[in-house]
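Raw contents of run19.txt, compact mmCIF, C-alpha atoms and all ligand atoms:
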# COMPACT_ATOMS: atom_id res chain seq x y z
CA MET L 1272 130.81 86.14 27.67
CA PRO L 1273 132.59 84.47 24.74
CA GLN L 1274 130.51 81.80 23.05
CA ALA L 1275 131.54 78.20 23.66
CA PHE L 1276 133.26 76.67 20.64
CA ASN L 1277 131.48 73.57 19.39
CA PRO L 1278 133.66 71.30 17.28
CA PRO L 1279 132.01 70.55 13.94
CA LEU L 1280 130.13 67.36 13.19
CA LYS L 1281 132.51 65.17 11.19
CA ILE L 1282 131.17 63.39 8.13
CA GLY L 1283 133.42 60.71 6.64
CA LEU L 1284 132.86 60.59 2.88
CA THR L 1285 134.02 57.49 1.07
CA GLY L 1286 133.36 55.29 -1.95
CA GLY L 1287 135.17 53.26 -4.56
CA ILE L 1288 137.26 54.63 -7.40
CA GLY L 1289 135.09 56.63 -9.80
CA SER L 1290 132.03 56.45 -7.57
CA GLY L 1291 131.79 60.26 -7.58
CA LYS L 1292 133.54 61.36 -4.37
CA SER L 1293 135.25 64.43 -5.89
CA THR L 1294 132.07 65.45 -7.67
CA VAL L 1295 130.09 65.21 -4.41
CA CYS L 1296 132.78 67.13 -2.51
CA LYS L 1297 132.47 70.01 -4.97
CA LEU L 1298 128.71 70.06 -4.39
CA PHE L 1299 129.19 70.26 -0.58
CA SER L 1300 131.82 73.00 -1.12
CA ALA L 1301 129.18 75.05 -2.91
CA PHE L 1302 127.35 75.18 0.45
CA SER L 1303 130.57 76.56 2.02
CA ILE L 1304 131.25 73.30 3.81
CA PRO L 1305 134.97 72.66 4.34
CA ILE L 1306 136.38 69.56 2.69
CA ILE L 1307 139.37 67.90 4.29
CA ASP L 1308 140.83 65.56 1.73
CA ALA L 1309 143.03 62.61 2.74
CA ASP L 1310 144.52 62.43 -0.78
CA ILE L 1311 145.67 66.06 -0.58
CA ILE L 1312 147.18 65.46 2.86
CA ALA L 1313 148.92 62.34 1.52
CA ARG L 1314 150.62 64.50 -1.09
CA GLU L 1315 151.47 67.33 1.34
CA ILE L 1316 153.28 65.08 3.79
CA VAL L 1317 155.70 63.78 1.16
CA ALA L 1318 156.63 67.26 -0.13
CA PRO L 1319 160.32 68.21 0.16
CA GLY L 1320 161.19 69.07 3.75
CA GLN L 1321 158.22 67.18 5.22
CA ALA L 1322 158.69 64.45 7.82
CA ALA L 1323 157.31 61.59 5.74
CA LEU L 1324 159.71 62.18 2.89
CA ALA L 1325 162.71 61.85 5.20
CA GLN L 1326 161.29 58.59 6.60
CA ILE L 1327 160.64 57.24 3.12
CA GLN L 1328 164.25 58.04 2.17
CA LEU L 1329 165.53 56.22 5.23
CA THR L 1330 163.41 53.16 4.49
CA PHE L 1331 163.54 52.92 0.70
CA GLY L 1332 166.82 54.64 -0.17
CA ASN L 1333 167.12 57.53 -2.55
CA ILE L 1334 163.95 57.76 -4.61
CA LEU L 1335 163.90 61.44 -5.44
CA LEU L 1336 163.60 63.02 -8.85
CA ALA L 1337 166.21 65.55 -9.95
CA ASP L 1338 164.10 68.43 -8.58
CA GLY L 1339 164.10 66.89 -5.08
CA THR L 1340 160.49 65.69 -5.15
CA LEU L 1341 159.42 62.11 -4.53
CA ASP L 1342 159.62 59.79 -7.52
CA ARG L 1343 156.07 58.45 -7.12
CA LYS L 1344 156.35 56.17 -10.13
CA LYS L 1345 159.44 54.43 -8.77
CA LEU L 1346 157.92 54.14 -5.28
CA GLY L 1347 154.76 52.75 -6.83
CA GLN L 1348 156.76 50.08 -8.65
CA ILE L 1349 158.61 49.11 -5.47
CA ILE L 1350 155.48 48.65 -3.37
CA PHE L 1351 153.51 47.00 -6.18
CA ALA L 1352 156.12 44.26 -6.32
CA ASP L 1353 156.42 43.72 -2.56
CA PRO L 1354 153.47 43.69 -0.10
CA ALA L 1355 155.82 44.00 2.91
CA LYS L 1356 157.23 47.23 1.50
CA LYS L 1357 153.71 48.48 0.80
CA GLN L 1358 152.90 47.85 4.46
CA CYS L 1359 156.06 49.67 5.45
CA LEU L 1360 155.04 52.73 3.43
CA GLU L 1361 151.55 52.68 4.89
CA ASN L 1362 153.01 52.51 8.40
CA ILE L 1363 154.82 55.77 7.65
CA LEU L 1364 151.96 57.57 5.91
CA HIS L 1365 148.74 56.53 7.64
CA PRO L 1366 149.44 57.78 11.19
CA LEU L 1367 150.52 61.16 9.78
CA ILE L 1368 147.43 61.38 7.57
CA TYR L 1369 145.21 60.38 10.49
CA GLN L 1370 146.70 63.06 12.75
CA ARG L 1371 146.38 65.82 10.15
CA LEU L 1372 142.79 64.89 9.32
CA LYS L 1373 141.94 65.06 13.02
CA THR L 1374 143.68 68.40 13.63
CA GLN L 1375 142.30 70.06 10.51
CA ALA L 1376 138.74 68.87 11.15
CA ALA L 1377 138.78 70.13 14.74
CA ALA L 1378 139.97 73.58 13.63
CA GLN L 1379 137.01 74.31 11.32
CA LEU L 1380 134.42 76.84 12.39
CA SER L 1381 131.55 75.45 10.31
CA PRO L 1382 128.62 73.39 11.68
CA TYR L 1383 129.91 70.28 9.96
CA VAL L 1384 132.91 69.23 7.87
CA ILE L 1385 133.46 66.59 5.25
CA LEU L 1386 136.47 64.34 5.66
CA ALA L 1387 137.00 62.79 2.23
CA ILE L 1388 138.79 59.52 2.93
CA PRO L 1389 138.71 57.15 -0.08
CA LEU L 1390 140.16 54.29 2.00
CA LEU L 1391 138.17 55.02 5.16
CA PHE L 1392 137.48 51.34 5.92
CA GLU L 1393 140.67 49.88 4.51
CA THR L 1394 142.80 52.16 6.71
CA ASP L 1395 140.56 51.79 9.76
CA MET L 1396 140.01 55.51 10.24
CA THR L 1397 136.30 55.37 11.04
CA ASP L 1398 136.86 56.54 14.61
CA LEU L 1399 137.79 59.96 13.20
CA VAL L 1400 134.22 60.61 12.08
CA ASP L 1401 130.76 60.87 13.63
CA ARG L 1402 128.87 59.68 10.57
CA ILE L 1403 129.72 57.78 7.39
CA LEU L 1404 128.52 58.85 3.95
CA VAL L 1405 129.07 56.35 1.13
CA ILE L 1406 128.95 57.39 -2.52
CA ASP L 1407 127.65 54.41 -4.42
CA CYS L 1408 127.18 53.32 -7.99
CA PRO L 1409 127.26 49.96 -9.79
CA GLU L 1410 130.68 48.62 -10.77
CA THR L 1411 129.89 48.90 -14.48
CA LEU L 1412 129.43 52.65 -14.07
CA GLN L 1413 132.61 52.96 -12.00
CA LEU L 1414 134.51 51.27 -14.83
CA GLN L 1415 132.93 53.40 -17.51
CA ARG L 1416 133.52 56.71 -15.68
CA VAL L 1417 137.11 55.93 -14.68
CA LYS L 1418 137.91 54.87 -18.23
CA GLN L 1419 136.68 58.21 -19.49
CA ARG L 1420 138.54 60.14 -16.77
CA ASP L 1421 141.89 58.31 -16.56
CA GLN L 1422 144.10 56.52 -19.03
CA LEU L 1423 143.58 53.10 -17.52
CA ASP L 1424 142.38 49.90 -19.18
CA ASP L 1425 139.65 47.58 -17.86
CA ASP L 1426 142.13 45.25 -16.14
CA GLN L 1427 143.89 48.03 -14.27
CA ILE L 1428 140.58 49.48 -13.08
CA GLN L 1429 139.29 46.03 -12.07
CA ARG L 1430 142.45 45.46 -10.03
CA ILE L 1431 141.94 48.73 -8.17
CA ILE L 1432 138.28 47.92 -7.53
CA ALA L 1433 139.27 44.45 -6.24
CA SER L 1434 141.87 45.97 -3.88
CA GLN L 1435 139.26 48.21 -2.25
CA SER L 1436 136.45 47.32 0.17
CA SER L 1437 133.54 45.58 -1.49
CA ARG L 1438 130.42 47.50 -2.38
CA GLU L 1439 128.48 45.37 0.14
CA GLU L 1440 130.87 46.18 2.98
CA ARG L 1441 130.74 49.89 2.27
CA LEU L 1442 126.95 49.95 2.04
CA GLY L 1443 126.66 47.86 5.21
CA ARG L 1444 128.70 50.38 7.19
CA ALA L 1445 127.11 53.56 5.82
CA ASP L 1446 124.92 55.91 7.84
CA ASP L 1447 123.98 57.74 4.66
CA ILE L 1448 124.21 56.67 1.02
CA ILE L 1449 124.29 58.78 -2.12
CA ASP L 1450 123.14 56.87 -5.19
CA ASN L 1451 125.30 58.20 -8.00
CA SER L 1452 123.90 56.04 -10.76
CA LYS L 1453 121.81 58.81 -12.25
CA SER L 1454 122.23 62.35 -13.57
CA THR L 1455 124.37 65.03 -11.95
CA ALA L 1456 121.17 67.00 -11.30
CA GLU L 1457 119.86 64.10 -9.20
CA LEU L 1458 123.22 63.95 -7.46
CA ALA L 1459 122.98 67.63 -6.54
CA GLU L 1460 119.48 67.09 -5.16
CA GLN L 1461 120.72 64.31 -2.86
CA VAL L 1462 123.59 66.47 -1.63
CA LYS L 1463 121.17 69.30 -0.85
CA ASN L 1464 118.97 66.94 1.16
CA LEU L 1465 121.94 65.60 3.10
CA HIS L 1466 123.23 69.12 3.75
CA ASN L 1467 119.89 69.92 5.36
CA LEU L 1468 119.96 66.66 7.31
CA TYR L 1469 123.46 67.37 8.68
CA LEU L 1470 122.48 70.91 9.69
CA SER L 1471 119.45 69.50 11.51
CA LEU L 1472 121.64 67.11 13.51
CA ILE L 1473 123.72 69.85 15.14
P1 LIG Z 1 135.95 59.67 -7.50
O1 LIG Z 1 136.41 60.98 -6.90
O2 LIG Z 1 135.10 58.86 -6.57
O3 LIG Z 1 137.07 58.85 -8.09
P2 LIG Z 1 134.77 61.40 -9.53
O4 LIG Z 1 133.94 62.37 -8.76
O5 LIG Z 1 136.09 61.88 -10.06
O6 LIG Z 1 134.98 60.03 -8.70
O7 LIG Z 1 133.87 60.83 -10.72
C1 LIG Z 1 134.42 59.96 -11.69
C2 LIG Z 1 134.11 60.50 -13.08
O8 LIG Z 1 132.73 60.35 -13.34
C3 LIG Z 1 134.44 61.98 -13.23
O9 LIG Z 1 134.94 62.20 -14.53
C4 LIG Z 1 133.08 62.66 -13.04
O10 LIG Z 1 133.00 63.87 -13.74
C5 LIG Z 1 132.12 61.62 -13.59
N1 LIG Z 1 130.81 61.59 -12.90
C6 LIG Z 1 130.59 61.61 -11.58
N2 LIG Z 1 129.27 61.55 -11.29
C7 LIG Z 1 128.63 61.48 -12.49
C8 LIG Z 1 127.24 61.39 -12.88
N3 LIG Z 1 126.24 61.34 -11.98
N4 LIG Z 1 126.97 61.33 -14.21
C9 LIG Z 1 127.97 61.36 -15.12
N5 LIG Z 1 129.30 61.43 -14.82
C10 LIG Z 1 129.62 61.50 -13.52
Can you dump the structure from the file as structure tokens?
Ligand code: ADP
Amino acid sequence: MPQAFNPPLKIGLTGGIGSGKSTVCKLFSAFSIPIIDADIIAREIVAPGQAALAQIQLTFGNILLADGTLDRKKLGQIIFADPAKKQCLENILHPLIYQRLKTQAAAQLSPYVILAIPLLFETDMTDLVDRILVIDCPETLQLQRVKQRDQLDDDQIQRIIASQSSREERLGRADDIIDNSKSTAELAEQVKNLHNLYLSLI
């Protein structure tokens, strides 16, 4: 008899900018755990020929670069200046991202999967996941690490932090928390412990 297919346990991984989400995802990947990344999906759905790009064109007019790809900088400027247009863009993108996250997670054959969703709370996607993992570190460290990684100044980083859920809200809604205020070795240790926890829950 063929074995029944059990859908994987779905872990929603989130955290503020620079909290260490990508770093943690790489550590889970090393255990052969699939990572489904909302940011990657967000880029895929606006590629030439994809549904979202056509909708964006209809709504915002022609904002393509010469090579036919989306002019992200121009779109960014439009939505930065107008909250209603930002909402409009999100109404196009979020349902498509939600659907792809759901389909891709269900198709994995591993015991559990990580859904990396930076704006898990802000976009109200928590019903996609069985358990919430928050990557946490103090704001001062977020600032310091993002400054080293990206070419952004303090004000720009502060604005991004302020636009995201507060640290308190994230921690209050977490099932599991990774404290990423210490060394990468300590980070790896926490990921290993959580990997074992998730395997024990299946
Ligand atoms: P996010 O994906 O949440 O934006 P990243 O995983 O990219 O965050 O981490 C932000 C930056 O901080 C990266 O350059 C990363 O290499 C670095 N970093 C992450 N965790 C640590 C740590 N424990 N110690 C030192 N640097 C770290």
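Residues in contact range of Tyr1369 of chain L, defined as at most 10 Å between all atoms listed in the file, with sequence neighbours fewer than 4 positions away removed, read Ala1309, Ile1312, Ala1313, Leu1364, His1365, Lys1373, Thr1374, Ile1388, Thr1394, Asp1395, Met1396 and Leu1399 of chain L.
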L:Asp1398, L:Asp1446, L:Glu1315, L:Glu1457 ranked by distance to ligand LIG 1 (chain Z), top pick (using all atoms listed in the file):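 Of L:Asp1398, L:Asp1446, L:Glu1315, L:Glu1457, the one nearest ligand LIG 1 (chain Z) is L:Glu1457, counting all atoms listed in the file.
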Around ligand LIG 1 (chain Z), at most 12 Å away and counting only C-alpha atoms and all ligand atoms, which residues are there? Put them as number ranges by chain, please. L: 1284-1298, 1308-1310, 1387-1390, 1405-1422, 1428, 1431-1432, 1449-1462
Which of these residues is nearest to Lys1463 of chain L, using only C-alpha atoms: L:Ala1377, L:Ile1304, L:Leu1336, L:Leu1280?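 Of L:Ala1377, L:Ile1304, L:Leu1336, L:Leu1280, the one nearest Lys1463 of chain L, counting only C-alpha atoms, is L:Ile1304.
Between atom CA of Thr1397 of chain L and atom CA of Lys1357 of chain L there is a distance of 21.3 Å.
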Within 7 Å of (129.7, 69.2, 11.8), in the coordinates the file gives, what residues turn up when you count all atoms listed in the file, written out as a list in words?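 It turns out the residues near that spot are Pro1279, Leu1280, Lys1281, Ser1381, Pro1382, Tyr1383, Val1384 and Ile1473 of chain L.
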Atom CA of Asp1447 of chain L to atom CA of Ser1300 of chain L: how many Å, to one decimal?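 Interatomic distance here is 18.1 Å.
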Ranking L:Gln1375, L:Gln1326, L:Asn1333, L:Gln1348 by minimum distance to Glu1361 of chain L and counting only C-alpha atoms, which one comes first?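 When distances to Glu1361 of chain L are compared using only C-alpha atoms, the smallest one comes from L:Gln1326.
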L:Ala1322, L:Ala1433, L:Leu1380, L:Cys1359: which is nearest Leu1346 of chain L, counting all atoms listed in the file? L:Cys1359
Could you pull segment 1396-1414 of chain L out of the structure just shown and give N, CA, C and O atoms as a PDB file, in the first residue's frame?
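Written file, decode06.pdb:
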ATOM      1  N   MET L1396      -0.425  37.095   7.397  1.00  0.00           N
ATOM      2  CA  MET L1396      -0.317  35.783   6.747  1.00  0.00           C
ATOM      3  C   MET L1396      -0.124  34.661   7.762  1.00  0.00           C
ATOM      4  O   MET L1396       0.269  33.554   7.394  1.00  0.00           O
ATOM      5  N   THR L1397      -0.398  34.941   9.031  1.00  0.00           N
ATOM      6  CA  THR L1397      -0.075  33.941  10.060  1.00  0.00           C
ATOM      7  C   THR L1397      -0.893  32.653   9.895  1.00  0.00           C
ATOM      8  O   THR L1397      -0.468  31.603  10.360  1.00  0.00           O
ATOM      9  N   ASP L1398      -2.039  32.733   9.230  1.00  0.00           N
ATOM     10  CA  ASP L1398      -2.827  31.504   9.081  1.00  0.00           C
ATOM     11  C   ASP L1398      -2.188  30.511   8.100  1.00  0.00           C
ATOM     12  O   ASP L1398      -2.643  29.383   7.995  1.00  0.00           O
ATOM     13  N   LEU L1399      -1.127  30.925   7.435  1.00  0.00           N
ATOM     14  CA  LEU L1399      -0.401  30.007   6.542  1.00  0.00           C
ATOM     15  C   LEU L1399       0.461  29.026   7.323  1.00  0.00           C
ATOM     16  O   LEU L1399       0.913  28.025   6.779  1.00  0.00           O
ATOM     17  N   VAL L1400       0.776  29.355   8.572  1.00  0.00           N
ATOM     18  CA  VAL L1400       1.793  28.582   9.291  1.00  0.00           C
ATOM     19  C   VAL L1400       1.237  27.941  10.562  1.00  0.00           C
ATOM     20  O   VAL L1400       0.228  28.380  11.113  1.00  0.00           O
ATOM     21  N   ASP L1401       1.920  26.865  10.995  1.00  0.00           N
ATOM     22  CA  ASP L1401       1.490  26.156  12.207  1.00  0.00           C
ATOM     23  C   ASP L1401       2.163  26.712  13.449  1.00  0.00           C
ATOM     24  O   ASP L1401       1.672  26.557  14.563  1.00  0.00           O
ATOM     25  N   ARG L1402       3.326  27.360  13.228  1.00  0.00           N
ATOM     26  CA  ARG L1402       4.135  27.797  14.359  1.00  0.00           C
ATOM     27  C   ARG L1402       4.960  29.001  13.931  1.00  0.00           C
ATOM     28  O   ARG L1402       5.408  29.063  12.788  1.00  0.00           O
ATOM     29  N   ILE L1403       5.150  29.945  14.850  1.00  0.00           N
ATOM     30  CA  ILE L1403       5.857  31.181  14.486  1.00  0.00           C
ATOM     31  C   ILE L1403       7.214  31.245  15.189  1.00  0.00           C
ATOM     32  O   ILE L1403       7.297  31.117  16.413  1.00  0.00           O
ATOM     33  N   LEU L1404       8.250  31.444  14.378  1.00  0.00           N
ATOM     34  CA  LEU L1404       9.612  31.587  14.900  1.00  0.00           C
ATOM     35  C   LEU L1404      10.078  33.024  14.648  1.00  0.00           C
ATOM     36  O   LEU L1404      10.145  33.462  13.490  1.00  0.00           O
ATOM     37  N   VAL L1405      10.385  33.736  15.729  1.00  0.00           N
ATOM     38  CA  VAL L1405      10.845  35.122  15.598  1.00  0.00           C
ATOM     39  C   VAL L1405      12.349  35.185  15.837  1.00  0.00           C
ATOM     40  O   VAL L1405      12.864  34.636  16.810  1.00  0.00           O
ATOM     41  N   ILE L1406      13.049  35.849  14.900  1.00  0.00           N
ATOM     42  CA  ILE L1406      14.476  36.111  15.088  1.00  0.00           C
ATOM     43  C   ILE L1406      14.578  37.490  15.724  1.00  0.00           C
ATOM     44  O   ILE L1406      14.076  38.471  15.172  1.00  0.00           O
ATOM     45  N   ASP L1407      15.222  37.532  16.864  1.00  0.00           N
ATOM     46  CA  ASP L1407      15.210  38.774  17.646  1.00  0.00           C
ATOM     47  C   ASP L1407      16.614  39.255  17.982  1.00  0.00           C
ATOM     48  O   ASP L1407      17.509  38.446  18.245  1.00  0.00           O
ATOM     49  N   CYS L1408      16.771  40.575  17.922  1.00  0.00           N
ATOM     50  CA  CYS L1408      17.974  41.190  18.507  1.00  0.00           C
ATOM     51  C   CYS L1408      17.636  42.646  18.829  1.00  0.00           C
ATOM     52  O   CYS L1408      16.671  43.188  18.289  1.00  0.00           O
ATOM     53  N   PRO L1409      18.389  43.275  19.715  1.00  0.00           N
ATOM     54  CA  PRO L1409      18.090  44.667  20.052  1.00  0.00           C
ATOM     55  C   PRO L1409      18.233  45.579  18.835  1.00  0.00           C
ATOM     56  O   PRO L1409      19.021  45.277  17.927  1.00  0.00           O
ATOM     57  N   GLU L1410      17.472  46.680  18.862  1.00  0.00           N
ATOM     58  CA  GLU L1410      17.455  47.607  17.724  1.00  0.00           C
ATOM     59  C   GLU L1410      18.845  48.156  17.392  1.00  0.00           C
ATOM     60  O   GLU L1410      19.182  48.347  16.222  1.00  0.00           O
ATOM     61  N   THR L1411      19.649  48.381  18.414  1.00  0.00           N
ATOM     62  CA  THR L1411      20.998  48.919  18.171  1.00  0.00           C
ATOM     63  C   THR L1411      21.815  47.961  17.301  1.00  0.00           C
ATOM     64  O   THR L1411      22.554  48.393  16.430  1.00  0.00           O
ATOM     65  N   LEU L1412      21.635  46.657  17.538  1.00  0.00           N
ATOM     66  CA  LEU L1412      22.354  45.670  16.725  1.00  0.00           C
ATOM     67  C   LEU L1412      21.802  45.596  15.313  1.00  0.00           C
ATOM     68  O   LEU L1412      22.553  45.448  14.350  1.00  0.00           O
ATOM     69  N   GLN L1413      20.458  45.706  15.202  1.00  0.00           N
ATOM     70  CA  GLN L1413      19.842  45.734  13.867  1.00  0.00           C
ATOM     71  C   GLN L1413      20.477  46.850  13.040  1.00  0.00           C
ATOM     72  O   GLN L1413      20.917  46.638  11.912  1.00  0.00           O
ATOM     73  N   LEU L1414      20.510  48.041  13.652  1.00  0.00           N
ATOM     74  CA  LEU L1414      21.071  49.223  12.975  1.00  0.00           C
ATOM     75  C   LEU L1414      22.511  48.978  12.531  1.00  0.00           C
ATOM     76  O   LEU L1414      22.877  49.205  11.381  1.00  0.00           O
TER      77      LEU L1414
END
